[in-house]
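Have a look at the structure below before the remarks.
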Amino acid sequence: MNLSASAWEERYTNNDIAWDLGEVSPPLKAYFDQLTNKEIKILIPGGGNSYEAAYLFEKGFKNVWVVDLSKTAIENMQTRVSNFPSSQLIQGDFFDVEDAFDLIIEQTFFCAINPNLRPDYATKMNSLLNPKGKLVGVLFNVPLNKDKPPFGGSKAAYLERFKGFFEIQKMEACYNSFGNRKGRELFVILCNKRR
């Protein structure tokens with residue numbers, strides 16, 4: 001199983017990105033539309049083509065950061081939203097990010113990393129969030145692939161994985177998932193326990 005930067009780059013250059021919705025994930029769009037503080041600092045790890053980042057930026061959230069392993073994914077975002085600050089588009093590894101954020105958006109990143117990195121994911125998310133910061137997004141609630149992404153999961157496994165790092169504010173079935181994801185996603189709001 002090759003999940004290296006070059007493997008992700010190859011998928012983007014060959015347009016082998018079946019997970020890409022081509023638009024903002026509906027559960028995330030609904031959440032974004034409720035946000036009022038446009039000064040918060042937001043990170044989207046594994047942002048890919050970054051429809052969520054573009055949507056937030058166009059709604060006036062100017063402190064949005066994207067990190068992705070693929071150079072092409074980052075360039076796609078720069079081309080689509082030319083006034084998005086290039087300094088806030090990071091081609092690199094999420095696990096190397098050293099900063100602090102008020103909100104981190106989860107959209108297909110957790111299901112794309114090697115499952116062996118899931119404990120590191122929880123630790124890193126916790127360390128990147130400011131006190132009272134939140135990890136918000138969607139997680140698959142179905143078993144998926146074992147040898148390639150997307151890797152699935154279950155509510156029980158997520159509760160066990162995250163309980164030591166976050167207060168679970170919400171973890172429930174999405175009512176507004178995109179097309180073929182209906183009935184397969186959980187919407188989560190996880191609050192940093194460091195206060």
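Labeling convention for the structure tokens: chains A, B, ... as they appear, residues from 1 per chain, ligands from 1 in order of appearance.
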
* Asked: What are the DSSP alpha helix (DSSP H) residues of stretch 115-191 of chain A, as a ChimeraX atom specification?
  -> /A:118-128,155-162

Which neighbours of stretch 22-31 of chain A fall inside 6 Å, counting only C-alpha atoms, when residues of the same chain fewer than 5 positions from it are skipped, and could you give them as a PDB file with N, CA and C atoms, in the first residue's frame?
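Here's the written file result-v8.pdb:
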ATOM      1  N   TYR A  51     -12.521  22.438  -1.981  1.00  0.00           N
ATOM      2  CA  TYR A  51     -13.792  23.153  -2.185  1.00  0.00           C
ATOM      3  C   TYR A  51     -14.263  23.812  -0.891  1.00  0.00           C
ATOM      4  N   GLU A  52     -13.996  23.147   0.231  1.00  0.00           N
ATOM      5  CA  GLU A  52     -14.391  23.718   1.520  1.00  0.00           C
ATOM      6  C   GLU A  52     -13.604  24.993   1.812  1.00  0.00           C
ATOM      7  N   ASN A 176     -27.744  14.868   5.688  1.00  0.00           N
ATOM      8  CA  ASN A 176     -27.627  15.596   4.422  1.00  0.00           C
ATOM      9  C   ASN A 176     -26.371  15.226   3.647  1.00  0.00           C
TER      10      ASN A 176
END

* Go ahead and compute the interatomic distance for atom CA of A:Ile44 and atom CA of A:Arg184, in Å to one decimal. =>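 Interatomic distance here is 21.3 Å.
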
* So how many Å separate atom CA of A:Arg181 and atom CA of A:Leu56, to one decimal? ->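 Spanning atom CA of A:Arg181 to atom CA of A:Leu56 is a straight-line distance of 22.2 Å.
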
* Asked: Using only C-alpha atoms, which residues sit within 12 Å of A:Gln78 once same-chain residues fewer than 2 positions away are excluded, as a VMD selection string?
  -> chain A and resid 48 to 51 53 to 54 66 71 to 76 80 to 91

Could you turn the residues from that selection into a file that holds N, CA and C atoms, as a PDB file, in the first residue's frame?
ATOM      1  N   GLY A  48      -6.947  18.368  -0.519  1.00  0.00           N
ATOM      2  CA  GLY A  48      -7.198  18.047  -1.914  1.00  0.00           C
ATOM      3  C   GLY A  48      -7.525  19.286  -2.730  1.00  0.00           C
ATOM      4  N   ASN A  49      -8.580  19.210  -3.518  1.00  0.00           N
ATOM      5  CA  ASN A  49      -8.987  20.338  -4.355  1.00  0.00           C
ATOM      6  C   ASN A  49      -9.658  21.458  -3.568  1.00  0.00           C
ATOM      7  N   SER A  50      -9.880  21.248  -2.315  1.00  0.00           N
ATOM      8  CA  SER A  50     -10.193  22.318  -1.348  1.00  0.00           C
ATOM      9  C   SER A  50     -11.457  23.125  -1.632  1.00  0.00           C
ATOM     10  N   TYR A  51     -12.521  22.438  -1.981  1.00  0.00           N
ATOM     11  CA  TYR A  51     -13.792  23.153  -2.185  1.00  0.00           C
ATOM     12  C   TYR A  51     -14.263  23.812  -0.891  1.00  0.00           C
ATOM     13  N   ALA A  53     -12.306  24.974   1.537  1.00  0.00           N
ATOM     14  CA  ALA A  53     -11.489  26.166   1.764  1.00  0.00           C
ATOM     15  C   ALA A  53     -11.943  27.313   0.869  1.00  0.00           C
ATOM     16  N   ALA A  54     -12.228  27.017  -0.387  1.00  0.00           N
ATOM     17  CA  ALA A  54     -12.690  28.050  -1.323  1.00  0.00           C
ATOM     18  C   ALA A  54     -14.013  28.643  -0.854  1.00  0.00           C
ATOM     19  N   VAL A  66      -4.719  25.268   4.198  1.00  0.00           N
ATOM     20  CA  VAL A  66      -4.880  23.939   3.607  1.00  0.00           C
ATOM     21  C   VAL A  66      -3.511  23.273   3.564  1.00  0.00           C
ATOM     22  N   LYS A  71       1.215  18.332  -4.908  1.00  0.00           N
ATOM     23  CA  LYS A  71       1.481  19.639  -5.519  1.00  0.00           C
ATOM     24  C   LYS A  71       0.351  20.022  -6.473  1.00  0.00           C
ATOM     25  N   THR A  72      -0.148  19.062  -7.232  1.00  0.00           N
ATOM     26  CA  THR A  72      -1.227  19.338  -8.194  1.00  0.00           C
ATOM     27  C   THR A  72      -2.497  19.779  -7.480  1.00  0.00           C
ATOM     28  N   ALA A  73      -2.821  19.143  -6.366  1.00  0.00           N
ATOM     29  CA  ALA A  73      -4.013  19.548  -5.615  1.00  0.00           C
ATOM     30  C   ALA A  73      -3.883  20.995  -5.153  1.00  0.00           C
ATOM     31  N   ILE A  74      -2.728  21.358  -4.637  1.00  0.00           N
ATOM     32  CA  ILE A  74      -2.491  22.735  -4.191  1.00  0.00           C
ATOM     33  C   ILE A  74      -2.585  23.702  -5.376  1.00  0.00           C
ATOM     34  N   GLU A  75      -1.986  23.329  -6.495  1.00  0.00           N
ATOM     35  CA  GLU A  75      -2.046  24.185  -7.689  1.00  0.00           C
ATOM     36  C   GLU A  75      -3.475  24.322  -8.213  1.00  0.00           C
ATOM     37  N   ASN A  76      -4.266  23.250  -8.127  1.00  0.00           N
ATOM     38  CA  ASN A  76      -5.669  23.323  -8.561  1.00  0.00           C
ATOM     39  C   ASN A  76      -6.422  24.372  -7.761  1.00  0.00           C
ATOM     40  N   ARG A  80      -8.128  27.855  -9.204  1.00  0.00           N
ATOM     41  CA  ARG A  80      -9.571  28.110  -9.046  1.00  0.00           C
ATOM     42  C   ARG A  80      -9.850  29.380  -8.253  1.00  0.00           C
ATOM     43  N   VAL A  81      -9.060  29.623  -7.210  1.00  0.00           N
ATOM     44  CA  VAL A  81      -9.287  30.783  -6.335  1.00  0.00           C
ATOM     45  C   VAL A  81      -7.974  31.575  -6.309  1.00  0.00           C
ATOM     46  N   SER A  82      -7.769  32.360  -7.342  1.00  0.00           N
ATOM     47  CA  SER A  82      -6.473  33.013  -7.550  1.00  0.00           C
ATOM     48  C   SER A  82      -6.106  34.002  -6.451  1.00  0.00           C
ATOM     49  N   ASN A  83      -7.100  34.532  -5.748  1.00  0.00           N
ATOM     50  CA  ASN A  83      -6.798  35.505  -4.684  1.00  0.00           C
ATOM     51  C   ASN A  83      -6.630  34.842  -3.308  1.00  0.00           C
ATOM     52  N   PHE A  84      -6.700  33.509  -3.251  1.00  0.00           N
ATOM     53  CA  PHE A  84      -6.449  32.803  -1.998  1.00  0.00           C
ATOM     54  C   PHE A  84      -4.951  32.931  -1.699  1.00  0.00           C
ATOM     55  N   PRO A  85      -4.567  33.334  -0.486  1.00  0.00           N
ATOM     56  CA  PRO A  85      -3.143  33.533  -0.184  1.00  0.00           C
ATOM     57  C   PRO A  85      -2.329  32.249  -0.363  1.00  0.00           C
ATOM     58  N   SER A  86      -1.336  32.294  -1.233  1.00  0.00           N
ATOM     59  CA  SER A  86      -0.523  31.104  -1.494  1.00  0.00           C
ATOM     60  C   SER A  86       0.228  30.659  -0.236  1.00  0.00           C
ATOM     61  N   SER A  87       0.502  31.591   0.668  1.00  0.00           N
ATOM     62  CA  SER A  87       1.199  31.234   1.913  1.00  0.00           C
ATOM     63  C   SER A  87       0.336  30.354   2.819  1.00  0.00           C
ATOM     64  N   GLN A  88      -0.966  30.305   2.549  1.00  0.00           N
ATOM     65  CA  GLN A  88      -1.884  29.497   3.353  1.00  0.00           C
ATOM     66  C   GLN A  88      -2.214  28.162   2.680  1.00  0.00           C
ATOM     67  N   LEU A  89      -1.526  27.880   1.586  1.00  0.00           N
ATOM     68  CA  LEU A  89      -1.645  26.594   0.898  1.00  0.00           C
ATOM     69  C   LEU A  89      -0.310  25.877   1.061  1.00  0.00           C
ATOM     70  N   ILE A  90      -0.304  24.843   1.859  1.00  0.00           N
ATOM     71  CA  ILE A  90       0.936  24.164   2.231  1.00  0.00           C
ATOM     72  C   ILE A  90       1.016  22.808   1.539  1.00  0.00           C
ATOM     73  N   GLN A  91       2.009  22.648   0.689  1.00  0.00           N
ATOM     74  CA  GLN A  91       2.265  21.323   0.145  1.00  0.00           C
ATOM     75  C   GLN A  91       3.182  20.625   1.129  1.00  0.00           C
TER      76      GLN A  91
END

* Calculate how many Å separate atom CA of A:Glu39 from atom CA of A:Glu167, rounding to one decimal. =>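 Spanning atom CA of A:Glu39 to atom CA of A:Glu167 is a straight-line distance of 23.5 Å.
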
* To do: Between A:Lys148, A:Lys41, A:Arg118, A:Lys193, single out the one closest to A:Arg161, counting only C-alpha atoms.
  =>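 Ranking A:Lys148, A:Lys41, A:Arg118, A:Lys193 by distance to A:Arg161, first place goes to A:Arg118.
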
* To do: Can you pull out every residue within 9 Å of stretch 128-145 of chain A, counting only C-alpha atoms, but drop anything in the same chain fewer than 4 positions away, and send it as a count of residues only?
  => 46

* Name the residues in contact with A:Asn37 at a cut-off of 12 Å, using only C-alpha atoms, excluding same-chain residues fewer than 3 positions from it; report them as a list in words. => Phe32, Asp33, Gln34, Ile40, Lys41, Ile42, Leu56, Lys59, Gly60, Phe61, Lys62, Asn63, Asp102 and Leu103 of chain A

* **strand (DSSP E or B) call set, DSSP backbone run, chain A, as a PyMOL selection string** => chain A and resi 42-45+64-68+89-91+101-107+129-140+145+151+166-173+185-192

N, CA and C atoms of the current selection, written as a compact mmCIF listing (two decimals), in the first residue's frame:
# COMPACT_ATOMS: atom_id res chain seq x y z
N ILE A 42 -8.53 28.45 10.69
CA ILE A 42 -9.07 27.16 10.26
C ILE A 42 -8.02 26.38 9.48
N LEU A 43 -7.91 25.09 9.76
CA LEU A 43 -7.03 24.19 9.00
C LEU A 43 -7.87 23.11 8.34
N ILE A 44 -7.54 22.82 7.07
CA ILE A 44 -8.15 21.69 6.37
C ILE A 44 -7.02 20.76 5.94
N PRO A 45 -6.80 19.68 6.71
CA PRO A 45 -5.72 18.75 6.37
C PRO A 45 -6.14 17.80 5.26
N VAL A 64 -7.89 30.81 6.57
CA VAL A 64 -8.07 29.39 6.25
C VAL A 64 -6.77 28.85 5.68
N TRP A 65 -6.35 27.70 6.19
CA TRP A 65 -5.11 27.06 5.76
C TRP A 65 -5.42 25.66 5.25
N VAL A 66 -4.72 25.27 4.20
CA VAL A 66 -4.88 23.94 3.61
C VAL A 66 -3.51 23.27 3.56
N VAL A 67 -3.46 22.00 3.92
CA VAL A 67 -2.22 21.22 3.75
C VAL A 67 -2.56 19.96 2.99
N ASP A 68 -1.74 19.64 1.99
CA ASP A 68 -1.94 18.42 1.20
C ASP A 68 -0.58 17.97 0.67
N LEU A 89 -1.53 27.88 1.59
CA LEU A 89 -1.65 26.59 0.90
C LEU A 89 -0.31 25.88 1.06
N ILE A 90 -0.30 24.84 1.86
CA ILE A 90 0.94 24.16 2.23
C ILE A 90 1.02 22.81 1.54
N GLN A 91 2.01 22.65 0.69
CA GLN A 91 2.26 21.32 0.14
C GLN A 91 3.18 20.63 1.13
N PHE A 101 -4.75 26.24 15.79
CA PHE A 101 -5.96 26.55 15.05
C PHE A 101 -7.17 26.51 15.99
N ASP A 102 -8.17 27.29 15.62
CA ASP A 102 -9.43 27.29 16.37
C ASP A 102 -10.37 26.19 15.88
N LEU A 103 -10.23 25.84 14.60
CA LEU A 103 -11.13 24.87 13.97
C LEU A 103 -10.33 24.07 12.96
N ILE A 104 -10.47 22.75 13.02
CA ILE A 104 -9.88 21.88 12.00
C ILE A 104 -11.03 21.11 11.36
N ILE A 105 -11.02 21.09 10.03
CA ILE A 105 -12.09 20.45 9.27
C ILE A 105 -11.65 19.08 8.79
N GLU A 106 -12.45 18.08 9.09
CA GLU A 106 -12.20 16.71 8.66
C GLU A 106 -13.12 16.38 7.48
N GLN A 107 -12.49 16.15 6.32
CA GLN A 107 -13.25 15.80 5.12
C GLN A 107 -12.40 14.84 4.30
N LEU A 129 -4.93 22.06 17.98
CA LEU A 129 -6.10 22.86 18.35
C LEU A 129 -5.81 23.75 19.55
N ASN A 130 -6.26 24.98 19.46
CA ASN A 130 -6.21 25.88 20.61
C ASN A 130 -7.12 25.33 21.71
N PRO A 131 -6.91 25.74 22.95
CA PRO A 131 -7.89 25.40 23.98
C PRO A 131 -9.26 25.86 23.50
N LYS A 132 -10.25 25.03 23.69
CA LYS A 132 -11.63 25.25 23.22
C LYS A 132 -11.76 25.10 21.71
N GLY A 133 -10.68 24.71 21.02
CA GLY A 133 -10.75 24.47 19.58
C GLY A 133 -11.56 23.23 19.27
N LYS A 134 -12.02 23.13 18.01
CA LYS A 134 -12.88 22.02 17.61
C LYS A 134 -12.37 21.35 16.35
N LEU A 135 -12.55 20.03 16.32
CA LEU A 135 -12.37 19.21 15.13
C LEU A 135 -13.77 18.87 14.64
N VAL A 136 -14.10 19.31 13.44
CA VAL A 136 -15.46 19.17 12.93
C VAL A 136 -15.41 18.56 11.53
N GLY A 137 -16.30 17.61 11.28
CA GLY A 137 -16.35 17.07 9.93
C GLY A 137 -17.15 15.80 9.82
N VAL A 138 -16.82 15.05 8.78
CA VAL A 138 -17.53 13.81 8.49
C VAL A 138 -16.56 12.64 8.50
N LEU A 139 -17.03 11.51 9.03
CA LEU A 139 -16.26 10.27 9.08
C LEU A 139 -17.14 9.15 8.54
N PHE A 140 -16.54 8.24 7.80
CA PHE A 140 -17.30 7.09 7.30
C PHE A 140 -17.68 6.18 8.46
N ASN A 145 -12.31 -0.30 2.47
CA ASN A 145 -11.14 -1.06 2.02
C ASN A 145 -10.17 -1.35 3.17
N PHE A 151 -10.30 4.07 3.86
CA PHE A 151 -10.41 3.10 4.95
C PHE A 151 -11.62 3.50 5.80
N PHE A 166 -10.72 14.38 23.25
CA PHE A 166 -11.80 15.31 22.92
C PHE A 166 -13.06 15.03 23.72
N GLU A 167 -13.81 16.09 23.96
CA GLU A 167 -15.18 15.93 24.43
C GLU A 167 -16.04 15.76 23.18
N ILE A 168 -16.82 14.71 23.15
CA ILE A 168 -17.64 14.42 21.98
C ILE A 168 -18.92 15.26 22.08
N GLN A 169 -18.95 16.36 21.36
CA GLN A 169 -20.13 17.21 21.37
C GLN A 169 -21.22 16.64 20.47
N LYS A 170 -20.79 16.06 19.33
CA LYS A 170 -21.75 15.46 18.41
C LYS A 170 -21.05 14.36 17.63
N MET A 171 -21.73 13.24 17.48
CA MET A 171 -21.29 12.16 16.60
C MET A 171 -22.55 11.40 16.22
N GLU A 172 -23.12 11.80 15.10
CA GLU A 172 -24.40 11.20 14.71
C GLU A 172 -24.48 11.10 13.19
N ALA A 173 -25.39 10.25 12.74
CA ALA A 173 -25.57 10.04 11.30
C ALA A 173 -25.89 11.35 10.61
N GLU A 185 -22.17 8.15 6.56
CA GLU A 185 -21.32 9.15 7.22
C GLU A 185 -21.85 9.55 8.58
N LEU A 186 -20.92 9.89 9.46
CA LEU A 186 -21.23 10.50 10.74
C LEU A 186 -20.76 11.95 10.70
N PHE A 187 -21.56 12.84 11.25
CA PHE A 187 -21.11 14.22 11.43
C PHE A 187 -20.58 14.33 12.85
N VAL A 188 -19.37 14.88 12.98
CA VAL A 188 -18.73 14.94 14.30
C VAL A 188 -18.33 16.36 14.66
N ILE A 189 -18.52 16.68 15.92
CA ILE A 189 -17.97 17.90 16.52
C ILE A 189 -17.24 17.45 17.77
N LEU A 190 -15.91 17.55 17.74
CA LEU A 190 -15.08 17.11 18.84
C LEU A 190 -14.37 18.32 19.42
N CYS A 191 -14.54 18.55 20.71
CA CYS A 191 -13.97 19.74 21.37
C CYS A 191 -12.70 19.35 22.11
N ASN A 192 -11.67 20.13 21.91
CA ASN A 192 -10.38 19.88 22.55
C ASN A 192 -10.56 19.85 24.06
